[in-house]
Amino acid sequence: IVLIHSLIMVRVKSSLFNYISGKSGNAVFRQMNGKTFYSIRPDSYNISQSVKAKESRNNFALAVKFTKEVNKHPALKLVWKRAKLKGTTSYHRIIKHNIKFIKENSLSVFNIIAPEGEYFPLKSYVISDDSIILELTSGDMKQSSLFQFPFSLFAVVYLFEPKKKSYEDNLVFSFSTDFSGVLRKDSNSIAVTIPENILSYFSRYKKCIIYFSGVFQNPNSSKLIWTSTFVVEFVPL
């Protein structure tokens, strides 16, 4: 028996309850890691209205919003699942590794969409009306998986500091770009087009951060290769 916030949570061993989940009156059934747990909901909750408590709730809500955008991409979900990290699911791992970098209801350049992986050879970037040009370094970085395997480049877009009070405090979107062929050894840049449905919100916000990670497709191995998160921060046009 585990006592959590004055709730009694009990593991149910009867086979009659193996597939039950949801609420029935004050009773709540949950499925966690293939096991059924039963708890009793309290009649009421004491929710703190302090500034610190409200900030904590807002930070967590933003962490959930960010995590959902990352986790909805099967390749990124698998990356978090395969990584040697603590946590039972990719969802919980993403939240755990990002919540500490969310302050005052805002993400930062330290948030990540992929755990530590291969270095992405980014030299600089150029922002245009509808795309981002990622300029690559030369030299030893040409041995990167970027030049050996096809890959998908995933991006999570974070818009914040709205220009009007009527706009949401922040928005989080995501998209991906597939590069079906291996980059040429003499390639010095990658063009990433931002989808129109995301671009349409850019004019409403003062700042933008885009989090990128590449996931490679090695046809001769089941080993998953990905890059660490790299970040592009700019003022939307």
# chains A, B, ... in the order shown; residues from 1 in each chain; ligands from 1
>>> residues_around(residues="stretch 95-105 of chain A", least_positions_apart="6", cutoff="9 Å", atoms="only C-alpha atoms", output="list in words")
Glu55, Ser56, Arg57, Asn58, Asn59, Phe60, Ala61, Leu62, Ala63, Val64, Phe66, Thr67, Gly87, Asn111, Ile112, Ile113, Pro115, Asp169 and Asn170 of chain A
>>> select_by_dssp(residues="stretch 27-108 of chain A", states="alpha helix (DSSP H)", output="count of residues only")
39
>>> closest_residue(among="A:Val215, A:Ile194, A:Ile210, A:Leu237", to="A:Ser180", atoms="only C-alpha atoms")
A:Val215
>>> closest_atom_pairs(of="stretch 58-157 of chain A", to="stretch 223-231 of chain A", cutoff="12 Å", atoms="only C-alpha atoms", output="JSON lines")
{"residue": "A:Val70", "atom": "CA", "partner": "A:Thr229", "partner_atom": "CA", "distance": 11.7}
{"residue": "A:Ala75", "atom": "CA", "partner": "A:Leu224", "partner_atom": "CA", "distance": 9.3}
{"residue": "A:Leu76", "atom": "CA", "partner": "A:Trp226", "partner_atom": "CA", "distance": 8.9}
{"residue": "A:Lys77", "atom": "CA", "partner": "A:Leu224", "partner_atom": "CA", "distance": 11.8}
{"residue": "A:Leu78", "atom": "CA", "partner": "A:Leu224", "partner_atom": "CA", "distance": 8.6}
{"residue": "A:Val79", "atom": "CA", "partner": "A:Leu224", "partner_atom": "CA", "distance": 7.2}
{"residue": "A:Trp80", "atom": "CA", "partner": "A:Trp226", "partner_atom": "CA", "distance": 10.3}
{"residue": "A:Lys81", "atom": "CA", "partner": "A:Leu224", "partner_atom": "CA", "distance": 10.7}
{"residue": "A:Arg82", "atom": "CA", "partner": "A:Leu224", "partner_atom": "CA", "distance": 7.9}
{"residue": "A:Ala83", "atom": "CA", "partner": "A:Leu224", "partner_atom": "CA", "distance": 9.4}
{"residue": "A:Leu107", "atom": "CA", "partner": "A:Val231", "partner_atom": "CA", "distance": 11.9}
{"residue": "A:Ser108", "atom": "CA", "partner": "A:Val231", "partner_atom": "CA", "distance": 9.7}
{"residue": "A:Val109", "atom": "CA", "partner": "A:Val231", "partner_atom": "CA", "distance": 6.5}
{"residue": "A:Phe110", "atom": "CA", "partner": "A:Val231", "partner_atom": "CA", "distance": 8.5}
{"residue": "A:Asn111", "atom": "CA", "partner": "A:Thr229", "partner_atom": "CA", "distance": 8.4}
{"residue": "A:Ile112", "atom": "CA", "partner": "A:Thr229", "partner_atom": "CA", "distance": 5.5}
{"residue": "A:Ile113", "atom": "CA", "partner": "A:Thr229", "partner_atom": "CA", "distance": 6.1}
{"residue": "A:Ala114", "atom": "CA", "partner": "A:Thr229", "partner_atom": "CA", "distance": 5.6}
{"residue": "A:Pro115", "atom": "CA", "partner": "A:Ser228", "partner_atom": "CA", "distance": 6.1}
{"residue": "A:Glu116", "atom": "CA", "partner": "A:Ser228", "partner_atom": "CA", "distance": 4.6}
{"residue": "A:Gly117", "atom": "CA", "partner": "A:Ser228", "partner_atom": "CA", "distance": 4.5}
{"residue": "A:Glu118", "atom": "CA", "partner": "A:Thr227", "partner_atom": "CA", "distance": 4.3}
{"residue": "A:Tyr119", "atom": "CA", "partner": "A:Thr227", "partner_atom": "CA", "distance": 5.6}
{"residue": "A:Phe120", "atom": "CA", "partner": "A:Thr227", "partner_atom": "CA", "distance": 5.9}
{"residue": "A:Pro121", "atom": "CA", "partner": "A:Thr227", "partner_atom": "CA", "distance": 9.6}
{"residue": "A:Leu122", "atom": "CA", "partner": "A:Phe230", "partner_atom": "CA", "distance": 8.3}
{"residue": "A:Lys123", "atom": "CA", "partner": "A:Phe230", "partner_atom": "CA", "distance": 11.1}
{"residue": "A:Ser124", "atom": "CA", "partner": "A:Val231", "partner_atom": "CA", "distance": 10.7}
{"residue": "A:Tyr125", "atom": "CA", "partner": "A:Val231", "partner_atom": "CA", "distance": 10.2}
{"residue": "A:Ile132", "atom": "CA", "partner": "A:Val231", "partner_atom": "CA", "distance": 11.9}
{"residue": "A:Leu134", "atom": "CA", "partner": "A:Phe230", "partner_atom": "CA", "distance": 10.9}
{"residue": "A:Ser144", "atom": "CA", "partner": "A:Thr227", "partner_atom": "CA", "distance": 9.8}
{"residue": "A:Ser145", "atom": "CA", "partner": "A:Ile225", "partner_atom": "CA", "distance": 8.1}
{"residue": "A:Leu146", "atom": "CA", "partner": "A:Thr227", "partner_atom": "CA", "distance": 9.3}
{"residue": "A:Gln148", "atom": "CA", "partner": "A:Ile225", "partner_atom": "CA", "distance": 11.4}
{"residue": "A:Phe149", "atom": "CA", "partner": "A:Ile225", "partner_atom": "CA", "distance": 9.8}
{"residue": "A:Pro150", "atom": "CA", "partner": "A:Ile225", "partner_atom": "CA", "distance": 11.1}
{"residue": "A:Phe151", "atom": "CA", "partner": "A:Trp226", "partner_atom": "CA", "distance": 9.0}
{"residue": "A:Ser152", "atom": "CA", "partner": "A:Trp226", "partner_atom": "CA", "distance": 9.5}
{"residue": "A:Leu153", "atom": "CA", "partner": "A:Thr227", "partner_atom": "CA", "distance": 9.5}
{"residue": "A:Phe154", "atom": "CA", "partner": "A:Thr229", "partner_atom": "CA", "distance": 9.6}
{"residue": "A:Ala155", "atom": "CA", "partner": "A:Val231", "partner_atom": "CA", "distance": 9.4}
{"residue": "A:Val156", "atom": "CA", "partner": "A:Val231", "partner_atom": "CA", "distance": 9.7}
{"residue": "A:Val157", "atom": "CA", "partner": "A:Val231", "partner_atom": "CA", "distance": 10.0}
>>> write_last_selection(atoms="N, CA and C atoms", output="compact mmCIF listing (two decimals), in the first residue's frame")
# COMPACT_ATOMS: atom_id res chain seq x y z
N VAL A 70 6.83 16.48 -28.38
CA VAL A 70 7.99 15.61 -28.63
C VAL A 70 7.53 14.17 -28.79
N ALA A 75 9.55 8.37 -33.86
CA ALA A 75 11.02 8.22 -33.84
C ALA A 75 11.61 8.84 -32.57
N LEU A 76 11.14 10.03 -32.19
CA LEU A 76 11.63 10.67 -30.96
C LEU A 76 11.19 9.88 -29.73
N LYS A 77 9.98 9.37 -29.77
CA LYS A 77 9.48 8.55 -28.67
C LYS A 77 10.39 7.34 -28.47
N LEU A 78 10.79 6.71 -29.58
CA LEU A 78 11.67 5.54 -29.52
C LEU A 78 13.07 5.92 -29.01
N VAL A 79 13.55 7.09 -29.42
CA VAL A 79 14.86 7.57 -28.94
C VAL A 79 14.86 7.66 -27.41
N TRP A 80 13.83 8.26 -26.86
CA TRP A 80 13.75 8.40 -25.40
C TRP A 80 13.58 7.03 -24.73
N LYS A 81 12.90 6.13 -25.40
CA LYS A 81 12.71 4.79 -24.84
C LYS A 81 14.02 4.00 -24.84
N ARG A 82 14.82 4.16 -25.90
CA ARG A 82 16.07 3.41 -26.03
C ARG A 82 17.21 4.01 -25.20
N ALA A 83 17.14 5.29 -24.90
CA ALA A 83 18.23 5.95 -24.17
C ALA A 83 18.39 5.34 -22.77
N LEU A 107 9.90 28.10 -21.36
CA LEU A 107 10.99 27.20 -21.72
C LEU A 107 12.27 28.02 -21.87
N SER A 108 13.39 27.33 -22.01
CA SER A 108 14.67 28.01 -22.20
C SER A 108 15.48 27.28 -23.26
N VAL A 109 16.64 27.82 -23.58
CA VAL A 109 17.50 27.19 -24.57
C VAL A 109 18.13 25.90 -24.03
N PHE A 110 17.91 25.60 -22.77
CA PHE A 110 18.46 24.39 -22.17
C PHE A 110 17.51 23.20 -22.23
N ASN A 111 16.28 23.44 -22.67
CA ASN A 111 15.35 22.32 -22.82
C ASN A 111 15.78 21.45 -24.01
N ILE A 112 15.35 20.19 -24.00
CA ILE A 112 15.80 19.25 -25.03
C ILE A 112 14.64 18.44 -25.58
N ILE A 113 14.74 18.06 -26.86
CA ILE A 113 13.74 17.17 -27.45
C ILE A 113 14.31 15.77 -27.66
N ALA A 114 15.61 15.62 -27.43
CA ALA A 114 16.26 14.31 -27.51
C ALA A 114 17.37 14.27 -26.46
N PRO A 115 17.60 13.10 -25.86
CA PRO A 115 18.71 12.99 -24.89
C PRO A 115 20.04 13.11 -25.62
N GLU A 116 21.12 13.17 -24.85
CA GLU A 116 22.44 13.35 -25.44
C GLU A 116 22.74 12.27 -26.48
N GLY A 117 23.22 12.71 -27.63
CA GLY A 117 23.54 11.78 -28.71
C GLY A 117 24.72 12.30 -29.50
N GLU A 118 24.72 12.02 -30.78
CA GLU A 118 25.81 12.47 -31.64
C GLU A 118 25.75 13.99 -31.83
N TYR A 119 26.90 14.59 -31.97
CA TYR A 119 26.97 16.04 -32.16
C TYR A 119 26.49 16.41 -33.56
N PHE A 120 25.64 17.44 -33.65
CA PHE A 120 25.20 17.94 -34.94
C PHE A 120 26.15 19.06 -35.37
N PRO A 121 26.78 18.93 -36.53
CA PRO A 121 27.81 19.89 -36.94
C PRO A 121 27.27 21.23 -37.42
N LEU A 122 26.60 21.94 -36.53
CA LEU A 122 26.03 23.24 -36.88
C LEU A 122 27.06 24.35 -36.68
N LYS A 123 27.27 25.11 -37.73
CA LYS A 123 28.21 26.24 -37.66
C LYS A 123 27.47 27.54 -37.36
N SER A 124 26.39 27.77 -38.09
CA SER A 124 25.57 28.97 -37.91
C SER A 124 24.24 28.74 -38.60
N TYR A 125 23.36 29.74 -38.56
CA TYR A 125 22.07 29.60 -39.22
C TYR A 125 21.61 30.94 -39.76
N ILE A 132 14.69 28.05 -42.48
CA ILE A 132 15.93 28.23 -41.74
C ILE A 132 17.03 27.48 -42.48
N LEU A 134 20.51 25.90 -42.15
CA LEU A 134 21.47 25.43 -41.15
C LEU A 134 22.82 25.24 -41.85
N SER A 144 30.40 12.65 -39.61
CA SER A 144 29.13 12.56 -38.91
C SER A 144 28.18 11.63 -39.65
N SER A 145 27.25 11.01 -38.90
CA SER A 145 26.22 10.16 -39.50
C SER A 145 25.38 10.94 -40.50
N LEU A 146 25.41 12.25 -40.37
CA LEU A 146 24.68 13.13 -41.28
C LEU A 146 25.08 12.87 -42.73
N GLN A 148 26.32 9.89 -43.79
CA GLN A 148 26.39 8.44 -44.03
C GLN A 148 25.03 7.78 -44.20
N PHE A 149 23.98 8.35 -43.58
CA PHE A 149 22.66 7.72 -43.60
C PHE A 149 21.57 8.74 -43.90
N PRO A 150 20.45 8.26 -44.48
CA PRO A 150 19.27 9.13 -44.58
C PRO A 150 18.81 9.48 -43.16
N PHE A 151 18.11 10.58 -43.00
CA PHE A 151 17.68 10.97 -41.66
C PHE A 151 16.43 11.83 -41.70
N SER A 152 15.81 11.96 -40.54
CA SER A 152 14.69 12.87 -40.36
C SER A 152 15.11 13.92 -39.34
N LEU A 153 14.81 15.16 -39.64
CA LEU A 153 15.13 16.25 -38.74
C LEU A 153 13.85 16.71 -38.06
N PHE A 154 13.80 16.57 -36.74
CA PHE A 154 12.61 16.93 -35.98
C PHE A 154 12.79 18.31 -35.34
N ALA A 155 11.70 19.05 -35.30
CA ALA A 155 11.74 20.41 -34.75
C ALA A 155 10.54 20.67 -33.87
N VAL A 156 10.78 21.25 -32.70
CA VAL A 156 9.71 21.71 -31.83
C VAL A 156 9.84 23.23 -31.73
N VAL A 157 8.77 23.91 -32.09
CA VAL A 157 8.76 25.38 -32.16
C VAL A 157 8.07 25.95 -30.92
>>> closest_residue(among="A:Gln31, A:Ser176, A:Ser106, A:Ser213", to="A:Thr193", atoms="only C-alpha atoms")
A:Ser176
>>> atom_distance(atom1="atom CA of A:Lys65", atom2="atom CA of A:Ser39")
26.5 Å
>>> closest_atom_pairs(of="stretch 136-232 of chain A", to="stretch 126-131 of chain A", cutoff="9 Å", atoms="only C-alpha atoms", output="Markdown table")
| residue | atom | partner | partner_atom | distance |
| --- | --- | --- | --- | --- |
| A:Ala191 | CA | A:Ser131 | CA | 6.8 |
| A:Val192 | CA | A:Ser131 | CA | 5.4 |
| A:Thr193 | CA | A:Ser131 | CA | 4.2 |
| A:Ile194 | CA | A:Ser131 | CA | 5.3 |
| A:Pro195 | CA | A:Asp130 | CA | 7.8 |
| A:Glu196 | CA | A:Asp130 | CA | 7.8 |
| A:Leu199 | CA | A:Asp130 | CA | 7.1 |
>>> decode(residues="stretch 167-182 of chain A", atoms="all heavy atoms", output="short mmCIF file (atom, residue, chain, number, x, y, z; two decimals), in the first residue's frame")
data_model
loop_
_atom_site.label_atom_id
_atom_site.label_comp_id
_atom_site.auth_asym_id
_atom_site.auth_seq_id
_atom_site.Cartn_x
_atom_site.Cartn_y
_atom_site.Cartn_z
N TYR A 167 -3.61 37.18 -26.86
CA TYR A 167 -2.96 35.98 -27.37
C TYR A 167 -2.54 35.08 -26.20
O TYR A 167 -2.32 35.55 -25.08
CB TYR A 167 -1.72 36.33 -28.19
CG TYR A 167 -1.99 37.16 -29.42
CD1 TYR A 167 -1.01 38.02 -29.94
CD2 TYR A 167 -3.21 37.09 -30.09
CE1 TYR A 167 -1.24 38.77 -31.07
CE2 TYR A 167 -3.45 37.84 -31.22
CZ TYR A 167 -2.47 38.69 -31.71
OH TYR A 167 -2.71 39.44 -32.83
N GLU A 168 -2.41 33.80 -26.47
CA GLU A 168 -1.95 32.87 -25.44
C GLU A 168 -0.53 33.23 -25.00
O GLU A 168 0.25 33.78 -25.78
CB GLU A 168 -1.96 31.44 -25.98
CG GLU A 168 -3.35 30.87 -26.21
CD GLU A 168 -3.29 29.40 -26.57
OE1 GLU A 168 -2.73 28.60 -25.79
OE2 GLU A 168 -3.81 29.04 -27.66
N ASP A 169 -0.20 32.91 -23.75
CA ASP A 169 1.13 33.23 -23.22
C ASP A 169 2.24 32.60 -24.05
O ASP A 169 3.32 33.17 -24.23
CB ASP A 169 1.26 32.74 -21.77
CG ASP A 169 0.43 33.58 -20.81
OD1 ASP A 169 0.04 34.69 -21.19
OD2 ASP A 169 0.18 33.10 -19.70
N ASN A 170 1.99 31.40 -24.55
CA ASN A 170 2.98 30.70 -25.37
C ASN A 170 2.29 29.65 -26.23
O ASN A 170 1.18 29.22 -25.92
CB ASN A 170 4.07 30.06 -24.50
CG ASN A 170 3.49 29.18 -23.42
OD1 ASN A 170 2.85 28.16 -23.69
ND2 ASN A 170 3.69 29.58 -22.15
N LEU A 171 2.95 29.26 -27.28
CA LEU A 171 2.46 28.21 -28.16
C LEU A 171 3.59 27.24 -28.44
O LEU A 171 4.76 27.64 -28.55
CB LEU A 171 1.94 28.78 -29.48
CG LEU A 171 0.67 29.65 -29.43
CD1 LEU A 171 0.38 30.24 -30.81
CD2 LEU A 171 -0.53 28.86 -28.92
N VAL A 172 3.25 25.95 -28.58
CA VAL A 172 4.25 24.93 -28.90
C VAL A 172 3.75 24.10 -30.07
O VAL A 172 2.63 23.57 -30.03
CB VAL A 172 4.54 24.01 -27.69
CG1 VAL A 172 5.63 23.01 -28.04
CG2 VAL A 172 4.93 24.83 -26.46
N PHE A 173 4.56 24.02 -31.12
CA PHE A 173 4.23 23.23 -32.30
C PHE A 173 5.40 22.28 -32.60
O PHE A 173 6.48 22.41 -32.01
CB PHE A 173 4.01 24.12 -33.52
CG PHE A 173 2.94 25.15 -33.38
CD1 PHE A 173 3.25 26.47 -33.06
CD2 PHE A 173 1.61 24.82 -33.58
CE1 PHE A 173 2.27 27.43 -32.94
CE2 PHE A 173 0.61 25.77 -33.45
CZ PHE A 173 0.94 27.08 -33.14
N SER A 174 5.19 21.38 -33.53
CA SER A 174 6.30 20.53 -33.97
C SER A 174 6.10 20.11 -35.42
O SER A 174 4.98 20.12 -35.93
CB SER A 174 6.42 19.29 -33.08
OG SER A 174 5.27 18.48 -33.18
N PHE A 175 7.19 19.78 -36.07
CA PHE A 175 7.15 19.28 -37.44
C PHE A 175 8.43 18.51 -37.71
O PHE A 175 9.36 18.51 -36.90
CB PHE A 175 6.97 20.41 -38.45
CG PHE A 175 8.15 21.35 -38.57
CD1 PHE A 175 9.12 21.16 -39.55
CD2 PHE A 175 8.29 22.44 -37.70
CE1 PHE A 175 10.20 22.04 -39.66
CE2 PHE A 175 9.36 23.31 -37.80
CZ PHE A 175 10.32 23.10 -38.79
N SER A 176 8.49 17.83 -38.83
CA SER A 176 9.70 17.09 -39.20
C SER A 176 9.95 17.22 -40.68
O SER A 176 9.04 17.47 -41.47
CB SER A 176 9.57 15.61 -38.81
OG SER A 176 8.53 14.99 -39.55
N THR A 177 11.20 17.07 -41.05
CA THR A 177 11.62 17.11 -42.45
C THR A 177 12.45 15.87 -42.75
O THR A 177 13.40 15.58 -42.02
CB THR A 177 12.47 18.36 -42.73
OG1 THR A 177 11.73 19.53 -42.36
CG2 THR A 177 12.83 18.44 -44.21
N ASP A 178 12.07 15.13 -43.78
CA ASP A 178 12.79 13.90 -44.13
C ASP A 178 13.83 14.18 -45.21
O ASP A 178 13.53 14.83 -46.22
CB ASP A 178 11.81 12.83 -44.63
CG ASP A 178 10.86 12.36 -43.55
OD1 ASP A 178 11.28 12.34 -42.38
OD2 ASP A 178 9.71 12.02 -43.87
N PHE A 179 15.03 13.68 -44.99
CA PHE A 179 16.09 13.74 -45.99
C PHE A 179 16.37 12.30 -46.42
O PHE A 179 17.10 11.56 -45.75
CB PHE A 179 17.34 14.40 -45.39
CG PHE A 179 17.14 15.85 -45.04
CD1 PHE A 179 16.61 16.21 -43.80
CD2 PHE A 179 17.44 16.85 -45.94
CE1 PHE A 179 16.40 17.54 -43.47
CE2 PHE A 179 17.24 18.19 -45.62
CZ PHE A 179 16.72 18.53 -44.38
N SER A 180 15.71 11.90 -47.51
CA SER A 180 15.73 10.50 -47.93
C SER A 180 17.07 10.05 -48.50
O SER A 180 17.37 8.86 -48.53
CB SER A 180 14.63 10.24 -48.96
OG SER A 180 14.77 11.11 -50.07
N GLY A 181 17.88 11.00 -48.92
CA GLY A 181 19.19 10.64 -49.46
C GLY A 181 20.31 11.06 -48.52
O GLY A 181 20.12 11.92 -47.66
N VAL A 182 21.45 10.44 -48.67
CA VAL A 182 22.61 10.80 -47.85
C VAL A 182 23.18 12.13 -48.34
O VAL A 182 23.29 12.36 -49.55
CB VAL A 182 23.70 9.70 -47.94
CG1 VAL A 182 24.93 10.10 -47.14
CG2 VAL A 182 23.14 8.37 -47.43
#
